[in-house]
Structure formats: structure tokens, C-alpha cells
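Note sheet for the following structure.
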Protein chains: 2
Amino acid sequence: MDPKLVLIALGGNALIRKGQRGTAEEQFANLKIPMRQIARLSRTHRLVITHGNGPQVGNLLLQQESCREVPSMPLEIIVAMTQGQIGYMIESSLDEALMEIGVMTEQLFVSLISYVVVDPEDPAFRNPTKPIGPVYTEEEARRLPYPTVRTEKGFRRVVASPRPLSIVEHREIKHLLAAGFIVICCGGGGIPVVRGERTFRGVDAVIDKDLASAVLAADIPADLFVIATDVPGVCLDHGTPQARLLTEVRAEELARHHARGQFPAGSMGPKVEAILQFHRKTGNPGVICRLEEIEAAVRGEAGTRVVA
Amino acid sequence: MDPKLVLIALGGNALIRKGQRGTAEEQFANLKIPMRQIARLSRTHRLVITHGNGPQVGNLLLQQESCREVPSMPLEIIVAMTQGQIGYMIESSLDEALMEIGVMTEQLFVSLISYVVVDPEDPAFRNPTKPIGPVYTEEEARRLPYPTVRTEKGFRRVVASPRPLSIVEHREIKHLLAAGFIVICCGGGGIPVVRGERTFRGVDAVIDKDLASAVLAADIPADLFVIATDVPGVCLDHGTPQARLLTEVRAEELARHHARGQFPAGSMGPKVEAILQFHRKTGNPGVICRLEEIEAAVRGEAGTRVVA
């Protein structure tokens with residue numbers, strides 16, 4: 001029997017932790033935590049790794065806007081740049097983690113540019129809600145060439161976050177997995193594109209990386225979908241004295257909690273939705289766990305496991 | 001018999017032409033020229049595409065330095081970013097070019113992050129010679145944290161340009177080619193790394209993309225190595241009344257012209273060297289041609305063809 005196929009979606013904190021500025025040294029140091037676990041897992045599992053890019057996109061946007069001498073790139077290209085940056089950091093960290101555990105391995109692995117198809121009629125385009133990039137004062141915000149939103153910290157640019165429909169490279173990814181590759185892909189939720197019969201166009205949007213990962217996980221299909229983040233799992237009544245961590249939960253029950261508004265839209269909501277979508281399409285389990293507990297979560301010993 | 005395998009190295013002018021600022025629109029428009037030819041060639045040839053990144057690295061460096069609020073990234077990460085950016089632009093342009101010619105194809109293609117091993121003892125590290133990024137006044141240059149060189153336009157940062165030894169992903173690339181993929185890789189000559197038994201480290205350097213392409217072309221091995229640039233081919237006595245374009249030249253003879261200093265170090269020199277290196281290792285032909293004449297050059301009807 002083939003080894004189980006696991007898709008692991010790494011949260012933004014895999015690279016930049018709260019309070020850090022995000023130097024290259026910090027990002028490489030942080031990556032050791034998931035990548036050492038992933039290197040060990042590669043001996044017994046087939047693996048796909050996806051990742052977020054929020055802080056990296058923010059930094060690049062700020063740098064672009066600070067410089068009038070060269071043209072700024074559209075958001076789709078900024079996302080592509082972060083796929084290069086983070087794809088390289090993950091691939092080279094995995095490379096080193098494999099060497100550390102003495103796997104002078106024949107393991108094949110690649111980091112791919114990925115673009116993800118969205119619907120140009122997605123209602124998200126009429127109502128952009130996703131804040132990205134630097135924080136502005138109200139006056140600065142008024143002069144910006146794009147819509148902004150007031151957040152706790154100040155004004156920020158907002159962009160649409162349309163639903164991912166399909167990963168353009170899905171055939172390529174399936175082929176690579178069948179050939180035994182570890183595949184790093186769908187960085188930052190993928191480069192958002194609209195693709196017709198004979199046309200192709202990038203769009204100004206960002207795609208939720210957990211939802212994009214769910215589309216890919218269902219498509220390949222993964223035996224297990226892991227979302228690794230900065231909390232130990234899914235909490236009910238989060239922030240109240242009744243707060244409790246779920247260790248195992250039936251998908252139906254989790255969907256009911258979600259429908260009752262238990263999970264906030266900006267953070268746990270999309271993760272729960274991603275796992276539920278994956279489960280609906282495949283019947284396979286998903287797990288939400290801390291970055292430090294990926295291996296334990298794959299063994300069923302940590303995180304919140306969502307089952308049939 | 002398998003279709004012939006051709007490696008095409010695209011020069012910087014495939015994306016940004018002389019006098020252009022390098023907006024995304026300009027880069028996508030310029031790419032149509034090589035990518036339409038490459039789409040047609042894909043019907044009869046197996047293909048690997050590599051590319052330069054000079055102007056894109058320069059723009060990113062300038063943007064990084066204009067912004068004090070977020071940490072600047074080391075050169076290796078900037079190169080990785082341009083692999084994401086340009087890899088996406090090439091892949092999506094190829095996607096569209098294939099749709100345009102009605103190849104609703106099963107053609108598989110991917111754009112890979114690539115890193116390239118260099119020798120930490122390479123003499124280039126003691127004597128950095130490659131100018132990159134923005135132009136500074138003498139006073140600005142004195143305050144920079146890295147070495148600079150005086151150029152025609154002003155002062156510029158210089159970095160080492162060590163020899164590429166091997167493409168880390170060469171096994172992956174060979175596997176993909178055997179499976180019928182078009183592979184886009186080795187962007188900007190590759191991300192320069194030093195890699196030991198159990199260590200891995202990026203280095204501050206840039207690798208000549210033609211020399212890196214030659215290493216890859218010999219390794220896979222390509223049946224034909226094409227360097228597509230902004231001149232019609234190799235000229236003897238360039239810039240004199242005796243100037244003449246070579247259409248076909250024996251490798252031995254070209255090597256003699258090269259040894260006599262016919263080709264300038266910054267431009268045609270490394271291209272001639274790259275083709276000669278490839279030819280020495282494989283005995284296979286190479287061709288240097290204009291971007292507009294890639295198809296004709298593959299047919300043997302344009303450019304300077306270097307033969308046994």
C-alpha cells in the first residue's frame with residue numbers, strides 16, 4: 001500500500017512570529033520547527049506543503065510604495081514574489097532538515113509557482129474585505145489609489161478575497177506526487193487568476209491559503225489535511241471561562257458550532273471551513289494544530305481532529 | 001525516437017527592453033515574442049526555459065533600500081523573489097500562448113525554484129566584479145555597507161559572480177523532462193548556495209545565467225542549447241568596419257577567437273563561454289540568436305550556430 005498522503009498548510013507564524021520584524025535570519029530559524037518534523041514525516045508519508053504569505057506581502061507592498069523610481073508591481077506579482085521567497089526558504093530548510101537527520105536521501109522535492117483560478121463574478125470583488133499591507137493615517141488613506149478600511153491599528157488597503165475554484169497546476173502536482181516528490185506549492189493561497197478558453201489574466205486579490213489548500217487537498221486527494229498554526233486547536237466558547245479545546249469532533253458537530261458563529265471570520269473561521277470543505281468532498285479527516293505539534297497531530301495525539 | 005530536447009536561455013530583454021521602466025504590462029507584452037515561438041516549438045520539441053533577472057533584481061534592491069520600516073532581505077532571497085515573479089510571468093505567458101494557438105493541451109509545465117551550488121573558495125568571492133542594483137553618487141556609495149565600483153553611470157554595488165558547479169534540482173528536472181514536462185527553472189542563474197554534507201547556506205552573489213544554463217544543458221543533456229538575446233548572433237571585429245556575423249562556426253575556431261579577446265567580458269563573452277562549455281561536455285550544438293528568431297534558430301536558419 002502507498003504511504004499515506006498528507007497535506008500540511010503552514011501558517012504565517014511558521015516564518016514570522018508575533019513581535020518579530022521578520023529578518024531573513026528569524027524566518028530561517030522559525031522554519032526549523034516545522035521542517036524538522038516534516039523531514040522525519042517524509043520517511044513514512046507522502047507530503048504536500050502549502051504556506052501563507054501575509055507579513056511578506058505586507059513588507060513587499062511597503063517597500064514598493066516607498067520607492068518612486070521604479071514601477072510598482074500589481075498584487076498578483078507581489079504574491080508571485082513571495083512564492084519565490086518562501087518557497088526557497090521552505091525548500092532549503094527542508095533540504096537542511098533532511099541532511100540533519102542523516103537522510104542522504106533520494107527524496108525528490110520541488111517548490112512550484114502556483115496560480116489559482118477565481119470567478120470574476122465572485123461577489124468578493126464587489127465587496128473587498130481583506131486588509132493587507134501597511135497601516136496608514138486617515139489622511140494618507142484618502143490619497144491612496146485603492147479602497148481602504150479602518151482597522152484597530154489605523155487604515156489599511158482592502159482587497160477582494162474570492163473563493164479558490166481550482167489550482168491550475170493540479171495535474172502537475174498529482175503527477176509529481178505519484179512519482180514520489182514532496183511538493184511545496186500554493187504559496188499565499190496561490191496567485192489569483194481568471195482563466196478563460198483562450199485568455200489569462202491575473203487579478204488584484206488575495207486568496208485564503210487554508211481554503212486554497214482545502215481545494216488542493218480534496219483534489220489530490222489527501223488522506224489527511226493538517227492546518228498548522230499558532231493555537232493548539234479549535235476552542236469552543238473561546239475567550240470565556242467555559243473555553244474548552246476540542247480534541248476530536250465529528251464534522252457535523254463542528255459545522256453546527258460554526259453555523260452558530262463560534263469561530264471568528266478573520267482567524268479560526270476559514271480554517272474550520274477549509275477542514276469541513278475537505279471532509280465533505282473526501283470523507284477524510286482533517287486536523288488543526290500548533291506548528292510545534294505537526295508530528296503528534298499526524299499520529300492523532302495533538303490538535304483538533306475532525307472526523308466522520 | 002524521443003523529440004529533441006532544447007534548452008532556451010532567455011535574456012533580460014525578453015522582459016524589459018532598453019529604455020523601458022519595466023512595468024508589469026511592458027514585461028507581459030515583451031514576453032509574447034519568445035513565448036509564442038516556444039508554444040509552437042513545444043509541439044515538436046521537449047523544452048527547458050531559463051531566464052535572466054538583472055533589471056528585476058535591481059528594482060527590488062532599490063525598493064528594499066528605500067524603506068527603513070521593514071528588514072531588507074539578503075541577495076539570495078531577492079534572487080528567489082525574482083524567480084517567483086519571472087517564473088510566474090513566463091509560465092502564465094506560455095499558458096496563454098498555448099491557448100492562443102489552440103493547443104487545448106495535455107502539456108504539463110511547471111516553474112521551479114532552483115538553487116545552484118557554488119564553491120565558497122571560488123576566487124570570485126575575493127574579487128567581486130559584478131555591478132548590480134541602483135546607481136549611487138560617490139558620497140552615497142561611501143556610506144553603503146557593501147563594496148561598490150565606479151561604472152560609466154556612477155557608483156554601483158558589486159557582488160561576486162562565482163562559477164556555477166551544479167543545479168541542486170538537477171535530478172528533479174531530469175525526472176520532469178522524462179515525464180514530458182516543460183520546465184522553467186534556473187531563474188537569474190539560480191539562487192547561489194554553498195551546500196555541504198549536512199549544511200546549507202545562501203551566499204551574497206549572483207550567478208551568470210548563461211553559465212548556469214550551460215551546466216544544466218550539459219547535465220540533462222540537451223540536444224541543442226539556445227541563448228536568446230538582443231543581437232542576431234556572434235560578431236567578429238564587432239564595432240569595426242570589418243564586423244561580420246558568424247552564421248555557423250566550429251567550436252574550436254570560436255574558442256580561438258574567444259582566446260584572442262574578440263568578445264567583451266560583460267556581454268558576449270559569457271555567452272560564448274557558456275556555449276563552448278556545453279559543447280565540450282556533450283558534443284552537441286549551441287546557438288546564439290535574437291529573441292525574435294528562436295524558432296528560426298532551432299531550425300538552423302538564424303543566429304550563430306556552434307558545431308563540432
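FYI, nothing fancy with the C-alpha cells labels: chains A, B, ... in order, residues from 1 per chain, ligands from 1 as they appear.
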- [ ] Write out as a list in words which residues come within 10 Å of Ile49 in chain A when counting only C-alpha atoms, dropping same-chain ones fewer than 3 positions away.
- [x] Val6, Leu7, Ile8, Ala9, Leu10, Ile38, Gly87, Ile90, Glu91, Ser111, Ile182, Val183, Ile184, Cys185, Cys186, Gly187, Ser213 and Val226 of chain A
TODO: Could you give me the residues within range 67-290 of chain A that DSSP places in alpha helix (DSSP H), as an NGL selection string?
DONE: :A and (75-100 or 138-143 or 170-178 or 209-219 or 251-259 or 268-282)
Which residues of range 64-104 of chain A come within 12 Å of range 129-145 of chain A, and what is each one's closest atom pair and distance in Å (one decimal), counting only C-alpha atoms, sorted by chain and residue number, as a Markdown table?
| residue | atom | partner | partner_atom | distance |
| --- | --- | --- | --- | --- |
| A:Gln64 | CA | A:Gly133 | CA | 10.7 |
| A:Glu65 | CA | A:Pro134 | CA | 9.7 |
| A:Ser66 | CA | A:Pro134 | CA | 10.9 |
| A:Leu75 | CA | A:Ile132 | CA | 10.3 |
| A:Ile78 | CA | A:Gly133 | CA | 11.2 |
| A:Val79 | CA | A:Ile132 | CA | 11.8 |
Write the residues of the preceding selection, restricted to C-alpha atoms, as a PDB file, in the first residue's frame.
ATOM      1  CA  GLN A  64       7.240  49.106  -3.314  1.00  0.00           C
ATOM      2  CA  GLU A  65       5.382  52.173  -2.161  1.00  0.00           C
ATOM      3  CA  SER A  66       8.446  53.735  -0.531  1.00  0.00           C
ATOM      4  CA  LEU A  75      -0.646  42.407  -6.287  1.00  0.00           C
ATOM      5  CA  ILE A  78       3.829  40.511  -5.332  1.00  0.00           C
ATOM      6  CA  VAL A  79       2.196  37.191  -4.437  1.00  0.00           C
TER       7      VAL A  79
END
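Among the candidate residues B:Arg171, B:His279, B:Arg157, B:Arg299, the one lying nearest to chain A is B:Arg171, with distances computed using only C-alpha atoms.
Pairwise distance (CA of Ala296 in chain A, CA of Ser267 in chain A) equals 22.5 Å.
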Open item on the list: Give me, as a PyMOL selection string, all polymer residues having an atom no more than 12 Å from Phe125 in chain B, counting only C-alpha atoms and skipping those fewer than 5 positions away in the same chain.
Closed with: chain B and resi 118-120+130+147+158-163+203-207
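In this model, the gap between CA of Val48 in chain A and CA of Leu98 in chain B comes to 27.8 Å.
Residues with any atom within 9 Å of Val249 in chain A, counting only C-alpha atoms and excluding same-chain neighbours fewer than 3 positions away, are Leu246, Glu252, Glu253, Leu254, Thr304, Arg305, Val306, Val307 and Ala308 of chain A.
Closest approach to Asp95 in chain A from the set B:Phe28, B:Phe225, B:Tyr115, B:Phe155 is made by B:Tyr115, with distances taken over only C-alpha atoms.
CA of Leu60 in chain A is found 29.0 Å from CA of Val272 in chain A.
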Open item on the list: Please list as a list in words every residue within 7 Å of Leu236 in chain B, counting only C-alpha atoms and excluding residues in the same chain fewer than 4 positions away.
Closed with: Ala243, Arg244, Leu245 and Gln262 of chain B
